[in-house]
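Everything below concerns the one structure shown next.
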Amino acid sequence: DTGVSQDPRHKITKRGQNVTFRCDPISEHNRLYWYRQTLGQGPEFLTYFQNEAQLEKSRLLSDRFSAERPKGSFSTLEIQRTEQGDSAMYLCASSPGQVRNEQFFGPGTRLTVL
Amino acid sequence: AQSVTQLGSHVSVSEGALVLLRCNYSSSVPPYLFWYVQYPNQGLQLLLKYTTGATLVKGINGFEAEFKKSETSFHLTKPSAHMSDAAEYFCAVTDPRFGNEKLTFGTGTRLTIIP
């Protein structure tokens, strides 16, 4: 069990550029979640997948954000035309999907938009 | 909608002293409750959780929490603080009526341990 991994760990980009983050969940975990954490705040839910199906999206997820989970394994989160307000830590978590199971979090990707 | 309030964004205790981190929730139904810890530049690690059953829950690293429905609280305690406990702590809730396990977090409490 290697845990949830995220890549890259840090990303610095200029405003207006597109960025893509990757999350590899724990093997055989069929649920995958994305959260965003800004400085001094708790994580906020963005979206989640059950296998390859994206079942819920937060209103925080504007049209510039898109997430995929092809084949129900790894997931990608893309932000188009980045803005300075997108600067945050993006956290990925996975769970086996059974009731009362905990979510296992990855180390996060810290995005800085200049 | 559910929400979580963590009283005290910063808490300082002396090494060996009692740790008490406060969490109150708002929910129309009894929620599932969690405490997570976050060390600098790392993801979140589950300390403990309450779903059903015994209201006093024991977790890792000597932490425990008690679900008090009448007070809508789920405070985190540890009898004797250790330097390694210095971190950010988050209380979170999820609505058991829905199967999505989506977590709603509080704003966190930064715990500092004084040598």
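So you can find residues: chains in the structure tokens are A, B, ... in the order shown, residues in each start at 1, and ligands are numbered from 1 in order.
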Checklist entry - Residues at most 12 Å from Arg59 (chain A), counting only C-alpha atoms, excluding those fewer than 2 positions away in the same chain, as a list in words? => result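 Counting only the stated atoms, we get Glu44, Phe45, Leu46, Thr47, Glu56, Lys57, Leu61, Ser62, Asp63, Arg64 and Phe65 of chain A.
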May I have a table of the residues of chain B lying at most 6 Å from chain A, giving each one's closest pair of atoms and their distance in Å to one decimal, counting only C-alpha atoms, ordered by chain and ascending residue number, as a Markdown table?
```
| residue | atom | partner | partner_atom | distance |
| --- | --- | --- | --- | --- |
| B:Gln42 | CA | A:Pro107 | CA | 4.7 |
| B:Gly43 | CA | A:Pro107 | CA | 4.0 |
| B:Leu44 | CA | A:Phe105 | CA | 5.6 |
| B:Phe105 | CA | A:Gly42 | CA | 5.5 |
| B:Gly106 | CA | A:Gly42 | CA | 5.6 |
| B:Thr107 | CA | A:Gly42 | CA | 4.4 |
| B:Gly108 | CA | A:Gly42 | CA | 5.9 |
```
Item to check | Residue with smallest distance to Val4 (chain B) - pool B:Thr104, B:Thr94, B:Thr77, B:Ser28, counting only C-alpha atoms | outcome: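 Of the candidates, the smallest distance to Val4 (chain B) is held by B:Thr104.
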Checklist entry - How many Å separate CA of Thr109 (chain B) from CA of Gln38 (chain B)? => result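 Separation between CA of Thr109 (chain B) and CA of Gln38 (chain B): 10.2 Å.
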Item to check | Shell around Arg97 (chain B) at 9 Å using only C-alpha atoms, local window under 2 positions removed, as a list of chain:residue names | outcome: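 Counting only the stated atoms, we get B:Val29, B:Pro31, B:Thr94, B:Asp95, B:Gly99.
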Item to check | strand (DSSP E) per DSSP on the backbone: members of chain A, as a ChimeraX atom specification | outcome: /A:5-7,10-13,19-24,31-37,44-50,53-57,65-68,75-79,88-95,104-105,109-113
Checklist entry - Just how far from CA of Val11 (chain B) is CA of His75 (chain B), in Å to one decimal? => result 13.4 Å
Next on the checklist: Env of Gly85 (chain A): 10 Å cut, atoms = only C-alpha atoms, seq-sep filter 2 positions within chain, self excluded. Answer as number ranges by chain.
Outcome noted: A: 15, 38, 82-83, 87-88, 112-114
Go ahead and save the picked residues with C-alpha atoms, as a tab-separated table (two decimals), in the first residue's frame.
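Result saved to again.tsv:
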```tsv
chain	number	residue	atom	x	y	z
A	15	ARG	CA	-1.79	34.09	-14.81
A	38	THR	CA	-6.43	28.10	0.80
A	82	THR	CA	-5.42	30.42	-14.24
A	83	GLU	CA	-6.14	33.41	-12.00
A	87	SER	CA	-3.49	29.83	-5.75
A	88	ALA	CA	-4.09	27.11	-3.18
A	112	THR	CA	1.06	29.53	-7.03
A	113	VAL	CA	-0.28	31.81	-9.76
A	114	LEU	CA	1.85	34.88	-10.37
```
Just the residues within 8 Å of Leu18 (chain B), please, counting only C-alpha atoms, with nothing from its chain fewer than 3 positions along; format it as a PDB file with N, CA and C atoms, in the first residue's frame.
```pdb
ATOM      1  N   VAL B  13      -0.097  25.035  24.370  1.00  0.00           N
ATOM      2  CA  VAL B  13      -0.067  24.328  25.646  1.00  0.00           C
ATOM      3  C   VAL B  13       1.368  23.941  25.951  1.00  0.00           C
ATOM      4  N   THR B  77      -9.235  15.721  22.734  1.00  0.00           N
ATOM      5  CA  THR B  77      -8.391  15.864  23.912  1.00  0.00           C
ATOM      6  C   THR B  77      -7.222  14.890  23.875  1.00  0.00           C
ATOM      7  N   LYS B  78      -6.192  15.279  24.623  1.00  0.00           N
ATOM      8  CA  LYS B  78      -5.055  14.389  24.862  1.00  0.00           C
ATOM      9  C   LYS B  78      -4.528  14.736  26.245  1.00  0.00           C
ATOM     10  N   PRO B  79      -4.355  13.752  27.123  1.00  0.00           N
ATOM     11  CA  PRO B  79      -4.002  14.056  28.516  1.00  0.00           C
ATOM     12  C   PRO B  79      -2.665  14.769  28.681  1.00  0.00           C
ATOM     13  N   SER B  80      -1.691  14.419  27.836  1.00  0.00           N
ATOM     14  CA  SER B  80      -0.350  14.956  28.019  1.00  0.00           C
ATOM     15  C   SER B  80       0.263  15.285  26.664  1.00  0.00           C
ATOM     16  N   ALA B  81       0.487  16.570  26.424  1.00  0.00           N
ATOM     17  CA  ALA B  81       0.984  17.015  25.123  1.00  0.00           C
ATOM     18  C   ALA B  81       2.448  16.645  24.935  1.00  0.00           C
TER      19      ALA B  81
END
```
Checklist entry - For Thr52 (chain B), which residue out of B:Thr72, B:Phe90, B:Pro96, B:Gln2 is the nearest one, using only C-alpha atoms? => result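 Counting only C-alpha atoms, the residue closest to Thr52 (chain B) is B:Pro96.
Note that CA of Cys23 (chain A) and CA of Asn51 (chain A) are 13.6 Å apart.
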Checklist entry - Which of these residues is nearest to Ala1 (chain B), using only C-alpha atoms: B:Ser73, B:Ser27, B:Asn61, B:Ser14? => result B:Ser27
Next on the checklist: From a backbone DSSP assignment, name each residue in chain A labelled helix (DSSP H, G or I), as a list of chain:residue names.
Outcome noted: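 Here are the helix (DSSP H, G or I) residues of chain A: A:Pro70, A:Lys71, A:Gly72, A:Gln84, A:Gly85, A:Asp86.
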Item to check | Pick from A:Glu78, A:Asp86, A:Glu52, A:Glu68 nearest to His29 (chain A), counting only C-alpha atoms | outcome: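 Closest to His29 (chain A) of all the choices is A:Glu52.
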